[in-house]
$ cat query08.cif   # mmCIF, C-alpha atoms and all ligand atoms
data_my_file
#
loop_
_atom_site.group_PDB
_atom_site.id
_atom_site.type_symbol
_atom_site.label_atom_id
_atom_site.label_comp_id
_atom_site.auth_asym_id
_atom_site.auth_seq_id
_atom_site.Cartn_x
_atom_site.Cartn_y
_atom_site.Cartn_z
ATOM 1 C CA MET F 6 128.228 0.294 72.019
ATOM 2 C CA ALA F 7 127.242 -0.835 68.534
ATOM 3 C CA GLN F 8 123.543 -1.507 67.917
ATOM 4 C CA ASP F 9 122.592 -5.215 68.228
ATOM 5 C CA THR F 10 120.222 -4.897 65.287
ATOM 6 C CA PRO F 11 121.598 -2.455 62.717
ATOM 7 C CA GLN F 12 119.367 0.567 62.264
ATOM 8 C CA THR F 13 118.332 1.927 58.925
ATOM 9 C CA PRO F 14 117.982 5.699 58.408
ATOM 10 C CA LYS F 15 114.215 5.158 58.213
ATOM 11 C CA ASP F 16 114.189 3.742 61.760
ATOM 12 C CA ILE F 17 115.376 7.028 63.257
ATOM 13 C CA GLU F 18 113.836 9.678 61.004
ATOM 14 C CA PRO F 19 110.389 10.880 62.183
ATOM 15 C CA LEU F 20 109.556 11.860 58.626
ATOM 16 C CA ALA F 21 105.846 12.583 59.146
ATOM 17 C CA ARG F 22 106.663 15.342 61.664
ATOM 18 C CA ILE F 23 109.694 16.565 59.698
ATOM 19 C CA ALA F 24 107.525 16.790 56.556
ATOM 20 C CA ARG F 25 104.762 18.604 58.422
ATOM 21 C CA PHE F 26 107.324 21.152 59.650
ATOM 22 C CA SER F 27 108.640 22.072 56.192
ATOM 23 C CA TRP F 28 105.155 21.985 54.661
ATOM 24 C CA ASP F 29 103.997 24.539 57.219
ATOM 25 C CA TRP F 30 107.151 26.651 57.587
ATOM 26 C CA ALA F 31 109.088 26.667 54.294
ATOM 27 C CA PRO F 32 107.079 29.627 52.950
ATOM 28 C CA ALA F 33 108.318 31.678 55.921
ATOM 29 C CA LEU F 34 111.859 30.266 56.161
ATOM 30 C CA CYS F 35 113.072 29.847 52.569
ATOM 31 C CA ALA F 36 114.636 33.080 51.268
ATOM 32 C CA PRO F 37 112.558 34.353 48.320
ATOM 33 C CA GLY F 38 115.730 35.056 46.317
ATOM 34 C CA ASP F 39 116.804 31.388 46.491
ATOM 35 C CA GLY F 40 113.624 30.217 44.738
ATOM 36 C CA CYS F 41 113.568 27.023 46.838
ATOM 37 C CA ALA F 42 110.294 27.421 48.774
ATOM 38 C CA ASP F 43 108.195 24.973 46.727
ATOM 39 C CA TYR F 44 111.070 22.499 46.638
ATOM 40 C CA HIS F 45 111.884 22.564 50.368
ATOM 41 C CA ARG F 46 108.204 22.714 51.285
ATOM 42 C CA ALA F 47 107.305 19.599 49.319
ATOM 43 C CA TRP F 48 110.494 17.476 49.381
ATOM 44 C CA SER F 49 109.961 15.676 52.710
ATOM 45 C CA MET F 50 106.225 15.317 52.083
ATOM 46 C CA LEU F 51 106.929 13.670 48.722
ATOM 47 C CA ARG F 52 109.465 11.336 50.338
ATOM 48 C CA LEU F 53 106.840 10.449 52.950
ATOM 49 C CA VAL F 54 103.781 10.119 50.759
ATOM 50 C CA GLN F 55 105.148 8.972 47.428
ATOM 51 C CA ALA F 56 108.361 7.167 48.353
ATOM 52 C CA GLN F 57 107.041 5.635 51.606
ATOM 53 C CA GLY F 58 109.796 7.328 53.597
ATOM 54 C CA LYS F 59 112.665 5.851 51.584
ATOM 55 C CA PRO F 60 116.059 7.317 52.593
ATOM 56 C CA PRO F 61 118.182 9.085 49.959
ATOM 57 C CA ALA F 62 119.883 6.722 47.480
ATOM 58 C CA GLY F 63 123.178 5.164 48.516
ATOM 59 C CA TRP F 64 122.582 4.934 52.264
ATOM 60 C CA ALA F 65 124.101 1.425 52.479
ATOM 61 C CA PHE F 66 127.271 2.768 50.831
ATOM 62 C CA PHE F 67 127.453 5.605 53.375
ATOM 63 C CA HIS F 68 126.872 3.153 56.252
ATOM 64 C CA ALA F 69 129.672 0.871 55.047
ATOM 65 C CA GLU F 70 132.120 3.765 54.642
ATOM 66 C CA ILE F 71 131.108 5.318 57.972
ATOM 67 C CA ALA F 72 131.670 1.950 59.716
ATOM 68 C CA ARG F 73 135.121 1.676 58.141
ATOM 69 C CA ALA F 74 136.053 5.278 59.028
ATOM 70 C CA ALA F 75 134.609 5.070 62.569
ATOM 71 C CA ALA F 76 136.690 1.947 63.233
ATOM 72 C CA GLN F 77 139.741 4.031 62.343
ATOM 73 C CA GLY F 78 138.767 6.828 64.717
ATOM 74 C CA ALA F 79 136.638 9.131 62.526
ATOM 75 C CA ARG F 80 134.304 11.276 64.652
ATOM 76 C CA ARG F 81 133.946 14.666 62.981
ATOM 77 C CA VAL F 82 131.625 14.892 59.999
ATOM 78 C CA LEU F 83 130.569 17.727 57.709
ATOM 79 C CA ILE F 84 127.270 17.211 55.857
ATOM 80 C CA SER F 85 127.500 19.471 52.823
ATOM 81 C CA GLY F 86 123.884 20.310 51.972
ATOM 82 C CA GLY F 87 120.736 18.292 52.446
ATOM 83 C CA ALA F 88 117.245 19.058 51.251
ATOM 84 C CA ASP F 89 115.826 17.741 54.527
ATOM 85 C CA THR F 90 116.866 15.320 57.284
ATOM 86 C CA GLY F 91 117.472 12.324 54.985
ATOM 87 C CA VAL F 92 121.262 12.691 54.905
ATOM 88 C CA LEU F 93 121.503 13.379 58.659
ATOM 89 C CA ALA F 94 119.440 10.230 59.307
ATOM 90 C CA ILE F 95 121.946 8.244 57.222
ATOM 91 C CA VAL F 96 124.927 9.667 59.107
ATOM 92 C CA ALA F 97 123.367 9.324 62.579
ATOM 93 C CA SER F 98 122.213 5.719 62.050
ATOM 94 C CA GLY F 99 125.551 4.781 60.440
ATOM 95 C CA PHE F 100 127.502 6.015 63.478
ATOM 96 C CA ARG F 101 124.999 4.464 65.895
ATOM 97 C CA ASN F 102 125.505 1.111 64.205
ATOM 98 C CA ALA F 103 129.255 1.592 64.591
ATOM 99 C CA GLY F 104 128.811 2.345 68.310
ATOM 100 C CA VAL F 105 130.456 5.745 67.944
ATOM 101 C CA THR F 106 129.147 9.209 68.886
ATOM 102 C CA PRO F 107 129.984 11.632 66.068
ATOM 103 C CA GLN F 108 130.293 15.408 66.114
ATOM 104 C CA ILE F 109 128.253 16.528 63.125
ATOM 105 C CA THR F 110 128.271 19.864 61.322
ATOM 106 C CA TYR F 111 125.437 20.270 58.808
ATOM 107 C CA VAL F 112 125.466 23.148 56.322
ATOM 108 C CA ASP F 113 122.786 24.299 53.901
ATOM 109 C CA ARG F 114 122.184 27.782 52.580
ATOM 110 C CA CYS F 115 118.455 27.515 53.350
ATOM 111 C CA ALA F 116 116.935 27.923 56.812
ATOM 112 C CA THR F 117 114.167 25.347 56.189
ATOM 113 C CA PRO F 118 116.341 22.196 56.091
ATOM 114 C CA VAL F 119 118.637 23.728 58.728
ATOM 115 C CA MET F 120 115.674 23.927 61.118
ATOM 116 C CA GLN F 121 114.549 20.411 60.196
ATOM 117 C CA ASN F 122 118.049 19.134 60.977
ATOM 118 C CA ARG F 123 118.106 20.957 64.330
ATOM 119 C CA LEU F 124 114.796 19.301 65.223
ATOM 120 C CA LEU F 125 116.080 15.834 64.342
ATOM 121 C CA GLY F 126 119.368 16.522 66.145
ATOM 122 C CA ALA F 127 117.470 17.512 69.311
ATOM 123 C CA GLU F 128 115.175 14.500 69.106
ATOM 124 C CA LEU F 129 118.090 12.066 68.715
ATOM 125 C CA GLY F 130 120.347 13.851 71.211
ATOM 126 C CA LEU F 131 123.038 14.374 68.581
ATOM 127 C CA ASP F 132 126.124 16.529 68.921
ATOM 128 C CA LEU F 133 125.046 18.633 65.952
ATOM 129 C CA THR F 134 125.858 22.132 64.759
ATOM 130 C CA ALA F 135 123.471 23.086 61.937
ATOM 131 C CA CYS F 136 124.477 26.240 60.065
ATOM 132 C CA THR F 137 122.772 28.341 57.436
ATOM 133 C CA ALA F 138 125.804 29.025 55.247
ATOM 134 C CA ASP F 139 127.010 29.067 51.666
ATOM 135 C CA MET F 140 129.308 26.173 50.726
ATOM 136 C CA LEU F 141 131.011 28.470 48.239
ATOM 137 C CA SER F 142 132.679 30.151 51.221
ATOM 138 C CA PHE F 143 132.076 27.861 54.223
ATOM 139 C CA ARG F 144 135.039 25.953 55.641
ATOM 140 C CA ALA F 145 135.016 23.774 58.722
ATOM 141 C CA GLU F 146 138.110 22.583 60.573
ATOM 142 C CA GLY F 147 139.369 19.136 61.440
ATOM 143 C CA MET F 148 136.697 17.067 59.664
ATOM 144 C CA ASP F 149 137.307 13.330 59.212
ATOM 145 C CA LEU F 150 134.514 12.987 56.676
ATOM 146 C CA VAL F 151 132.620 15.237 54.288
ATOM 147 C CA ILE F 152 129.288 13.800 53.147
ATOM 148 C CA ALA F 153 127.674 15.172 49.996
ATOM 149 C CA HIS F 154 124.494 13.820 48.449
ATOM 150 C CA SER F 155 123.493 15.039 44.971
ATOM 151 C CA PHE F 156 125.007 18.402 45.840
ATOM 152 C CA LEU F 157 127.821 19.432 43.503
ATOM 153 C CA VAL F 158 125.753 19.006 40.366
ATOM 154 C CA PHE F 159 123.462 21.851 41.458
ATOM 155 C CA PHE F 160 126.327 24.367 41.239
ATOM 156 C CA PRO F 161 127.311 26.057 37.968
ATOM 157 C CA ARG F 162 130.482 24.551 36.513
ATOM 158 C CA ASP F 163 132.677 27.530 37.395
ATOM 159 C CA HIS F 164 131.625 27.334 41.072
ATOM 160 C CA ARG F 165 132.197 23.626 41.636
ATOM 161 C CA GLY F 166 135.956 23.953 42.173
ATOM 162 C CA ARG F 167 135.356 26.345 45.092
ATOM 163 C CA VAL F 168 133.022 23.881 46.793
ATOM 164 C CA VAL F 169 135.488 20.999 46.414
ATOM 165 C CA ALA F 170 138.371 23.221 47.627
ATOM 166 C CA ASN F 171 136.307 24.061 50.734
ATOM 167 C CA TRP F 172 135.682 20.351 51.356
ATOM 168 C CA ALA F 173 139.415 19.660 51.030
ATOM 169 C CA ALA F 174 140.299 22.545 53.384
ATOM 170 C CA SER F 175 137.779 21.217 55.938
ATOM 171 C CA LEU F 176 139.323 17.719 56.040
ATOM 172 C CA VAL F 177 142.177 16.470 58.178
ATOM 173 C CA PRO F 178 144.950 14.625 56.319
ATOM 174 C CA GLY F 179 143.666 11.095 55.743
ATOM 175 C CA GLY F 180 140.033 12.325 55.842
ATOM 176 C CA ALA F 181 137.630 11.518 53.015
ATOM 177 C CA VAL F 182 134.788 12.922 50.935
ATOM 178 C CA LEU F 183 131.929 10.409 50.578
ATOM 179 C CA MET F 184 129.584 11.300 47.804
ATOM 180 C CA SER F 185 126.500 9.886 46.081
ATOM 181 C CA SER F 186 125.654 11.614 42.828
ATOM 182 C CA ALA F 187 124.322 11.055 39.356
ATOM 183 C CA LEU F 188 127.209 11.334 36.886
ATOM 184 C CA ALA F 189 126.634 12.111 33.229
ATOM 185 C CA GLU F 190 127.940 10.027 30.367
ATOM 186 C CA ASP F 191 129.778 11.889 27.619
ATOM 187 C CA GLY F 192 127.844 13.056 24.563
ATOM 188 C CA GLU F 193 124.503 14.710 23.946
ATOM 189 C CA GLY F 194 121.391 12.528 23.783
ATOM 190 C CA GLU F 195 117.990 13.096 22.202
ATOM 191 C CA PRO F 196 116.076 16.407 22.372
ATOM 192 C CA TRP F 197 114.404 16.656 25.771
ATOM 193 C CA ARG F 198 110.920 15.373 26.342
ATOM 194 C CA PRO F 199 109.894 14.868 29.958
ATOM 195 C CA ALA F 200 109.460 11.165 30.704
ATOM 196 C CA GLY F 201 105.808 10.325 31.201
ATOM 197 C CA ALA F 202 104.675 13.905 30.564
ATOM 198 C CA ASP F 203 101.356 12.613 29.247
ATOM 199 C CA ASP F 204 100.808 10.700 32.488
ATOM 200 C CA ILE F 205 101.211 13.660 34.817
ATOM 201 C CA PRO F 206 97.466 14.064 35.556
ATOM 202 C CA THR F 207 97.237 10.314 36.301
ATOM 203 C CA ARG F 208 100.278 10.497 38.564
ATOM 204 C CA GLN F 209 98.853 13.584 40.298
ATOM 205 C CA ALA F 210 95.569 11.762 40.935
ATOM 206 C CA ARG F 211 97.473 8.818 42.457
ATOM 207 C CA LEU F 212 99.599 11.154 44.605
ATOM 208 C CA THR F 213 96.456 12.968 45.811
ATOM 209 C CA GLU F 214 95.040 9.599 46.931
ATOM 210 C CA GLN F 215 98.302 8.688 48.667
ATOM 211 C CA ALA F 216 98.417 12.081 50.377
ATOM 212 C CA ARG F 217 94.830 11.737 51.601
ATOM 213 C CA ALA F 218 95.633 8.241 52.898
ATOM 214 C CA ALA F 219 98.660 9.719 54.732
ATOM 215 C CA GLY F 220 96.326 12.150 56.511
ATOM 216 C CA LEU F 221 96.695 15.378 54.519
ATOM 217 C CA ALA F 222 93.615 17.580 54.280
ATOM 218 C CA PRO F 223 91.990 17.644 50.805
ATOM 219 C CA ALA F 224 93.320 21.136 50.015
ATOM 220 C CA GLU F 225 96.853 20.142 51.099
ATOM 221 C CA ALA F 226 96.779 16.944 49.035
ATOM 222 C CA ALA F 227 95.728 18.968 45.997
ATOM 223 C CA GLU F 228 98.508 21.501 46.634
ATOM 224 C CA LEU F 229 101.119 18.732 46.965
ATOM 225 C CA ALA F 230 99.956 17.207 43.667
ATOM 226 C CA GLU F 231 100.206 20.622 42.028
ATOM 227 C CA VAL F 232 103.815 21.120 43.187
ATOM 228 C CA ALA F 233 104.729 17.539 42.203
ATOM 229 C CA GLY F 234 103.232 18.082 38.749
ATOM 230 C CA TRP F 235 105.500 21.062 38.359
ATOM 231 C CA PHE F 236 108.546 18.977 39.437
ATOM 232 C CA TRP F 237 107.654 16.186 37.026
ATOM 233 C CA ALA F 238 107.075 18.514 34.101
ATOM 234 C CA THR F 239 110.179 20.639 34.495
ATOM 235 C CA ARG F 240 112.753 18.716 36.518
ATOM 236 C CA PRO F 241 115.490 17.786 36.451
ATOM 237 C CA THR F 242 116.288 21.028 34.688
ATOM 238 C CA ARG F 243 120.017 21.427 34.768
ATOM 239 C CA ARG F 244 120.781 25.060 34.186
ATOM 240 C CA THR F 245 124.086 24.248 35.839
ATOM 241 C CA GLY F 246 125.307 21.674 33.330
ATOM 242 C CA PRO F 247 125.751 17.970 33.994
ATOM 243 C CA LEU F 248 128.604 16.597 36.076
ATOM 244 C CA ALA F 249 130.665 13.877 34.413
ATOM 245 C CA GLU F 250 133.280 11.583 35.953
ATOM 246 C CA THR F 251 136.158 13.270 34.097
ATOM 247 C CA GLU F 252 135.165 16.702 35.413
ATOM 248 C CA LEU F 253 134.719 15.341 38.946
ATOM 249 C CA ARG F 254 138.129 13.655 38.905
ATOM 250 C CA GLY F 255 139.688 16.950 37.707
ATOM 251 C CA LEU F 256 137.985 18.899 40.523
ATOM 252 C CA PHE F 257 139.231 16.481 43.170
ATOM 253 C CA GLU F 258 142.734 16.463 41.718
ATOM 254 C CA ALA F 259 142.862 20.281 41.637
ATOM 255 C CA ALA F 260 141.863 20.323 45.325
ATOM 256 C CA GLY F 261 144.603 17.816 46.229
ATOM 257 C CA LEU F 262 142.208 14.907 46.872
ATOM 258 C CA THR F 263 142.864 11.384 45.605
ATOM 259 C CA VAL F 264 139.907 9.569 44.074
ATOM 260 C CA GLU F 265 139.784 6.055 45.525
ATOM 261 C CA ARG F 266 136.500 4.804 44.084
ATOM 262 C CA VAL F 267 133.851 5.724 41.558
ATOM 263 C CA ASP F 268 131.317 2.876 41.591
ATOM 264 C CA TYR F 269 128.234 3.055 39.376
ATOM 265 C CA THR F 270 125.170 1.562 41.026
ATOM 266 C CA ALA F 271 122.178 2.048 38.763
ATOM 267 C CA LYS F 272 121.096 1.882 35.153
ATOM 268 C CA ALA F 273 121.510 5.031 33.039
ATOM 269 C CA THR F 274 118.497 7.331 32.684
ATOM 270 C CA ALA F 275 117.974 10.405 30.499
ATOM 271 C CA ALA F 276 118.125 13.844 32.109
ATOM 272 C CA ARG F 277 117.586 17.327 30.750
ATOM 273 C CA THR F 278 120.538 19.647 30.180
ATOM 274 C CA GLY F 279 118.890 22.780 28.791
ATOM 275 C CA THR F 280 119.858 22.046 25.205
ATOM 276 C CA GLY F 281 119.063 18.344 25.040
ATOM 277 C CA THR F 282 119.568 15.332 27.243
ATOM 278 C CA VAL F 283 122.430 13.413 28.784
ATOM 279 C CA ARG F 284 122.422 9.869 30.019
ATOM 280 C CA ARG F 285 123.438 9.669 33.646
ATOM 281 C CA ARG F 286 123.961 7.010 36.277
ATOM 282 C CA ARG F 287 124.139 7.172 40.044
ATOM 283 C CA ALA F 288 127.612 6.680 41.417
ATOM 284 C CA GLU F 289 129.190 6.275 44.849
ATOM 285 C CA ILE F 290 132.471 8.091 45.240
ATOM 286 C CA VAL F 291 135.299 8.142 47.781
ATOM 287 C CA ALA F 292 138.058 10.773 47.540
ATOM 288 C CA ARG F 293 140.752 11.153 50.207
ATOM 289 C CA LYS F 294 143.083 13.901 51.407
ATOM 290 C CA PRO F 295 146.555 12.354 51.482
ATOM 291 C CA ALA F 296 147.780 11.558 55.006
HETATM 292 C C1 LIG Q 301 119.481 18.716 45.719
HETATM 293 S S1 LIG Q 301 119.551 19.187 47.372
HETATM 294 C C2 LIG Q 301 120.356 17.809 48.109
HETATM 295 C C3 LIG Q 301 119.421 16.681 47.965
HETATM 296 C C4 LIG Q 301 119.892 15.476 48.632
HETATM 297 N N1 LIG Q 301 119.762 14.415 47.699
HETATM 298 C C5 LIG Q 301 119.134 15.157 49.884
HETATM 299 O O1 LIG Q 301 118.572 14.074 49.926
HETATM 300 O O2 LIG Q 301 119.073 15.930 50.810
HETATM 301 C C6 LIG Q 301 120.617 20.447 47.344
HETATM 302 C C7 LIG Q 301 120.634 21.289 48.632
HETATM 303 O O3 LIG Q 301 121.723 22.180 48.460
HETATM 304 C C8 LIG Q 301 121.402 23.411 49.038
HETATM 305 N N2 LIG Q 301 122.280 24.427 48.441
HETATM 306 C C9 LIG Q 301 122.211 24.960 47.200
HETATM 307 N N3 LIG Q 301 123.199 25.853 47.018
HETATM 308 C C10 LIG Q 301 123.915 25.893 48.181
HETATM 309 C C11 LIG Q 301 125.057 26.616 48.622
HETATM 310 N N4 LIG Q 301 125.667 27.506 47.836
HETATM 311 N N5 LIG Q 301 125.534 26.393 49.874
HETATM 312 C C12 LIG Q 301 124.915 25.505 50.693
HETATM 313 N N6 LIG Q 301 123.821 24.791 50.323
HETATM 314 C C13 LIG Q 301 123.332 24.983 49.091
HETATM 315 C C14 LIG Q 301 119.934 23.602 48.740
HETATM 316 O O4 LIG Q 301 119.344 24.514 49.640
HETATM 317 C C15 LIG Q 301 119.410 22.158 48.858
HETATM 318 O O5 LIG Q 301 118.878 21.910 50.142
#
$ encode --input "query08.cif" --output "structure tokens"
Amino acid sequence: MAQDTPQTPKDIEPLARIARFSWDWAPALCAPGDGCADYHRAWSMLRLVQAQGKPPAGWAFFHAEIARAAAQGARRVLISGGADTGVLAIVASGFRNAGVTPQITYVDRCATPVMQNRLLGAELGLDLTACTADMLSFRAEGMDLVIAHSFLVFFPRDHRGRVVANWAASLVPGGAVLMSSALAEDGEGEPWRPAGADDIPTRQARLTEQARAAGLAPAEAAELAEVAGWFWATRPTRRTGPLAETELRGLFEAAGLTVERVDYTAKATAARTGTGTVRRRRAEIVARKPA
């Protein structure tokens, strides 16, 4: 049965508890070699405290595509990476609204978001398999949809083709990749200067207040502001190189997937590349494996 009142991802994601879990456990769960402990520890807490629990960008796009696919019988979904439970909350609420029970496989190389996803899956009673695995080698079978949120851009250029080939191999004929990602415009911009770098202490003070208001202890609020200051000063650092539409189309084509849509949804912003800046815009993408 479809929901009478459509649910948003925020309605079903208990972000305060999910954020508390990663804040407490990421130092033990994140593999030191991956260098993700600060990121995975703070990501959900920043979404909770700073972004008032906002779901990842593009959730309405995913809901619309999930509704369309579910009406045509789609049930099996691969979530390719997720820094916390934001993407799972999008997928679960999208299928709930469609009145369909999906079988979800979630993959991330890091145990922290994998555990967060298992917790949310248990709470919502989902049919979920959450795996700690590397998308450079992981392949699922018989997937109707692959969902990827801001994922491919974090791989070095020469690795991206392997990820897309694994998505394609995981899909049934007629299945689709649904993707939300920032895509770079061609050409190099100005030399990099972090936006608002001078304001970081002011922003940290505001975040500390927000964190205290959200119930964090004074030492935790200070720690969160410290990590956020580091994010703001250094991110997004793209050691991997930006991802542009032409490259993305080439990767899909090489994997035998047909690009159906690349829709830009936001204004361009500057992002760091390592040597300078690129202008990039968020896009919503659908690519399909021919039936
Ligand atoms: C930028 S995050 C995705 C953020 C996304 N916007 C969200 O809201 O969840 C990228 C995720 O990819 C994971 N990741 C990085 N390399 C990976 C790999 N080789 N295989 C699987 N997951 C990987 C990281 O652990 C991280 O959780």
$ closest_residue --input "query08.cif" --among "F:Val82, F:Leu157, F:Leu20, F:Val169" --to "ligand LIG 301 (chain Q)" --atoms "all atoms listed in the file"
F:Leu157
$ resolve_selection --input "query08.cif" --expression "the PyMOL selection byres (((not hetatm)) within 7 of (chain Q and resi 301))" --output "number ranges by chain"
F: 41, 61, 85-92, 112-115, 118, 138-141, 154-156, 159-160
$ resolve_selection --input "query08.cif" --expression "the PyMOL selection byres (((chain F and resi 215) around 12) and not hetatm)" --output "PyMOL selection string"
chain F and resi 50-57+208-214+216-223+225-227+229-230
$ residues_around --input "query08.cif" --residues "F:Ala276" --least-positions-apart "5" --cutoff "7 Å" --atoms "all atoms listed in the file" --output "list in words"
Pro241, Thr282, Val283, Arg284 and Arg285 of chain F
$ atom_distance --input "query08.cif" --atom1 "atom CA of F:Gln12" --atom2 "atom CA of F:Met184"
20.7 Å
$ residues_around --input "query08.cif" --residues "F:Pro14" --least-positions-apart "2" --cutoff "9 Å" --atoms "all atoms listed in the file" --output "number ranges by chain"
F: 12, 16-18, 59-60, 64, 91-99
$ atom_distance --input "query08.cif" --atom1 "atom CA of F:Ala42" --atom2 "atom CA of F:Ser27"
9.3 Å
$ closest_residue --input "query08.cif" --among "F:Val158, F:Ala273, F:Val119, F:Asp204" --to "F:Gly246" --atoms "all atoms listed in the file"
F:Val158
$ resolve_selection --input "query08.cif" --expression "the PyMOL selection byres (((chain F and resi 165) around 12) and not hetatm)" --output "MDAnalysis selection string"
chainID F and resid 140:142 156:164 166:172 245:248 252:257 259:260
$ atom_distance --input "query08.cif" --atom1 "atom CA of F:Ala75" --atom2 "atom CA of F:Glu250"
27.4 Å
$ closest_residue --input "query08.cif" --among "F:Arg293, F:Val267, F:Gly234, F:Thr274" --to "F:Ala174" --atoms "all atoms listed in the file"
F:Arg293
$ residues_around --input "query08.cif" --residues "F:Tyr44" --least-positions-apart "5" --cutoff "9 Å" --atoms "all atoms listed in the file" --output "MDAnalysis selection string"
chainID F and resid 31 88 232 236
$ closest_residue --input "query08.cif" --among "F:Val177, F:Glu190, F:Thr270, F:Tyr111" --to "F:Leu125" --atoms "all atoms listed in the file"
F:Tyr111
$ closest_residue --input "query08.cif" --among "F:Leu131, F:Leu150, F:Ala65, F:Ile23" --to "F:Ala47" --atoms "only C-alpha atoms"
F:Ile23
$ closest_residue --input "query08.cif" --among "F:Ile84, F:Val264, F:Ala135, F:Ala69" --to "F:Ala153" --atoms "only C-alpha atoms"
F:Ile84
$ residues_near_point --input "query08.cif" --point "(134.1, 10.8, 67.2)" --cutoff "6 Å" --atoms "all atoms listed in the file" --output "PyMOL selection string"
chain F and resi 79-81+106-107
$ build_atoms --input "query08.cif" --residues "stretch 205-218 of chain F" --atoms "N, CA, C and O atoms" --output "compact mmCIF listing (two decimals), in the frame of the given file"
# COMPACT_ATOMS: atom_id res chain seq x y z
N ILE F 205 101.14 12.85 33.60
CA ILE F 205 101.21 13.66 34.82
C ILE F 205 99.86 13.76 35.53
O ILE F 205 99.80 13.55 36.74
N PRO F 206 98.74 14.01 34.83
CA PRO F 206 97.47 14.06 35.56
C PRO F 206 97.15 12.75 36.28
O PRO F 206 96.65 12.77 37.41
N THR F 207 97.48 11.61 35.64
CA THR F 207 97.24 10.31 36.30
C THR F 207 98.11 10.19 37.55
O THR F 207 97.64 9.75 38.62
N ARG F 208 99.37 10.59 37.41
CA ARG F 208 100.28 10.50 38.56
C ARG F 208 99.82 11.45 39.67
O ARG F 208 99.93 11.13 40.86
N GLN F 209 99.33 12.64 39.28
CA GLN F 209 98.85 13.58 40.30
C GLN F 209 97.64 13.02 41.04
O GLN F 209 97.52 13.18 42.26
N ALA F 210 96.76 12.34 40.29
CA ALA F 210 95.57 11.76 40.94
C ALA F 210 95.98 10.69 41.95
O ALA F 210 95.47 10.63 43.07
N ARG F 211 96.98 9.88 41.56
CA ARG F 211 97.47 8.82 42.46
C ARG F 211 98.13 9.43 43.70
O ARG F 211 97.88 8.99 44.83
N LEU F 212 98.93 10.50 43.47
CA LEU F 212 99.60 11.15 44.60
C LEU F 212 98.57 11.78 45.55
O LEU F 212 98.71 11.71 46.78
N THR F 213 97.51 12.37 44.97
CA THR F 213 96.46 12.97 45.81
C THR F 213 95.84 11.90 46.71
O THR F 213 95.63 12.11 47.91
N GLU F 214 95.59 10.71 46.12
CA GLU F 214 95.04 9.60 46.93
C GLU F 214 96.01 9.21 48.05
O GLU F 214 95.60 9.02 49.20
N GLN F 215 97.29 9.08 47.67
CA GLN F 215 98.30 8.69 48.67
C GLN F 215 98.38 9.74 49.78
O GLN F 215 98.52 9.39 50.96
N ALA F 216 98.31 11.01 49.40
CA ALA F 216 98.42 12.08 50.38
C ALA F 216 97.22 12.07 51.32
O ALA F 216 97.35 12.27 52.53
N ARG F 217 96.04 11.82 50.76
CA ARG F 217 94.83 11.74 51.60
C ARG F 217 94.96 10.57 52.58
O ARG F 217 94.64 10.69 53.76
N ALA F 218 95.47 9.42 52.04
CA ALA F 218 95.63 8.24 52.90
C ALA F 218 96.66 8.51 54.00
O ALA F 218 96.57 7.94 55.09
